[in-house]
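Undergrad: Below are the structure tokens for one structure; questions will follow.
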Amino acid sequence: MKKIKIHKPDDWHLHLRNGELLKLVLPHTVKDFGRALIMPNLIPPVITTSDAESYHREIMDALDNDMDFQPFMTLYLTEDTDPRDVEDGIAKGIVKAVKLYPAGATTNSSSGVRNFSKISETLAILSAKNVPLCVHGEVVDGKVDIFDRETEFIQRVLTPIHKDFPDLKIILEHITTQDAIDFVLNTPDHIAATITVHHLVINRNHMFKGGIRPHYFCLPIAKREVHRQSLVKVATSGNPNFFLGTDSAPHTIGAKESACGCAGIFTTPVAMAILAHVFENQDALDKLEGFTSLLGAEFYGQPPNPSFLTLKRESVPIKPSASISRNGLEVSIFDPEFDLHWKVID
Ligand code: DOR
Ligand code: ZN
């Protein structure tokens with residue numbers, strides 16, 4: 001029998017939504033994660049410090065008394081963001097990061113940024129305060145192939161931002177390509193990347209196996225197998241600049257299985273079981289705790305969670321549920337299409 005005990009993980013990129021969907025998904029994060037960086041792409045988005053305070057309150061109200069969980073709030077950067085409000089949110093301790101969505105790049109990103117020169121004042125404040133800019137790294141350009149949008153973004157947008165603000169802490173979120181890995185490897189240590197669970201498991205073929213498979217559609221879109229293999233290699237390497245951000249993004253089954261299905265994969269309930277599987281296959285179970293529980297915390301200047309999580313390897317495969325539901329809302333859980341043997345036992 002094999003067991004591993006690690007500091008309780010953190011999820012440094014999470015979509016919790018609001019209302020009923022928040023109530024449905026939140027307990028699944030709380031079970032396995034001590035803290036999470038909460039994405040601000042609600043409708044309407046979380047733009048101001050006051051928006052972040054209300055959203056924080058809604059999340060705290062949705063927690064049961066015995067749930068121990070800290071949501072770290074982010075602001076959604078727009079061209080009209082007031083830099084003084086960002087500064088105020090940082091000073092109050094409510095704003096832990098600012099999220100840059102290129103306008104139109106992904107779900108609920110229409111209020112994002114088109115003209116990157118309009119956000120300079122805010123970037124200067126983030127740099128001075130040592131607060132990270134979390135970046136959805138894809139260009140929005142119909143002429144650029146969807147599979148090349150991350151690479152193009154690094155060249156066109158990210159490299160100039162890094163050049164103009166060399167001390168700015170940047171996290172390139174949910175990376176999917178060798179190019180993104182290389183960018184992080186070739187820049188200083190205050191440039192990092194998050195990696196999702198699903199991008200460690202699927203390549204672009206998964207979306208089209210035997211038909212169109214909307215539950216494997218996310219943004220950035222999964223790339224070729226060589227990129228997936230590179231992601232696995234770097235995630236399991238122990239390099240401190242690559243850590244877990246699940247980008248677990250719940251949409252109802254109806255919103256996914258549609259003529260124009262939403263991007264997003266809900267992985268939270270199986271995230272730790274899948275990661276243990278991936279790290280075990282690389283003979284790197286000793287690196288799992290760093291990836292899930294230590295390196296991201298360190299990057300955000302936080303101590304590891306004081307509590308622990310134990311995973312046990314069962315010889316008989318565990319059978320996770322296919323979905324979760326509440327009051328008529330049903331969300332499908334990511335299926336890695338391989339047997340899972342690891343189980344969170346406490
Ligand atoms: O697949 C994604 N889903 N990618 C994103 O960038 C946003 C997310 C969502 O909010 O559903
Ligand atoms: Zn996301």
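The way I read the labels, and the way they are meant: chains A, B, ... in the order of the structure tokens, residue 1 as the first residue of every chain, and ligand 1 as the first ligand shown, with later ones counted on from there.
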Can you pull out every residue with an atom within 7 Å of ligand 2? Use only C-alpha atoms and all ligand atoms and format it as a list of chain:residue names.
TA: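 The residues within 7 Å of ligand 2, counting only C-alpha atoms and all ligand atoms, are A:His13, A:Leu14, A:His15, A:Met39, A:Asp247, A:Ala249.
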Undergrad: Could you build a table of the residues in chain A lying no more than 6 Å from ligand 1, giving for each the nearest pair of atoms and their separation in Å rounded to one decimal place, using only C-alpha atoms and all ligand atoms, ordered by chain and ascending residue number, as a Markdown table?
TA:
| residue | atom | partner | partner_atom_place_in_ligand_line | distance |
| --- | --- | --- | --- | --- |
| A:Thr106 | CA | ligand 1 | 6 (O) | 5.0 |
| A:Thr107 | CA | ligand 1 | 7 (C) | 4.8 |
| A:Cys218 | CA | ligand 1 | 1 (O) | 3.4 |
| A:Leu219 | CA | ligand 1 | 1 (O) | 3.9 |
| A:Ala249 | CA | ligand 1 | 11 (O) | 4.6 |
| A:Ala263 | CA | ligand 1 | 1 (O) | 4.1 |
| A:Gly264 | CA | ligand 1 | 1 (O) | 3.3 |
Undergrad: List as a ChimeraX atom specification the protein and nucleic acid residues near Ile324 of chain A, meaning an atom at most 8 Å away when only C-alpha atoms are counted, but skip any in the same chain fewer than 6 places from it.
TA: /A:24,330-333
Undergrad: How far is it from atom CA of Arg204 of chain A to atom CA of Leu295 of chain A, in Å with one decimal?
TA: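 We find that atom CA of Arg204 of chain A and atom CA of Leu295 of chain A lie 28.2 Å from each other.
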Undergrad: What is the distance, in Å and to one decimal place, between atom CA of Asn186 of chain A and atom CA of Trp12 of chain A?
TA: 22.0 Å
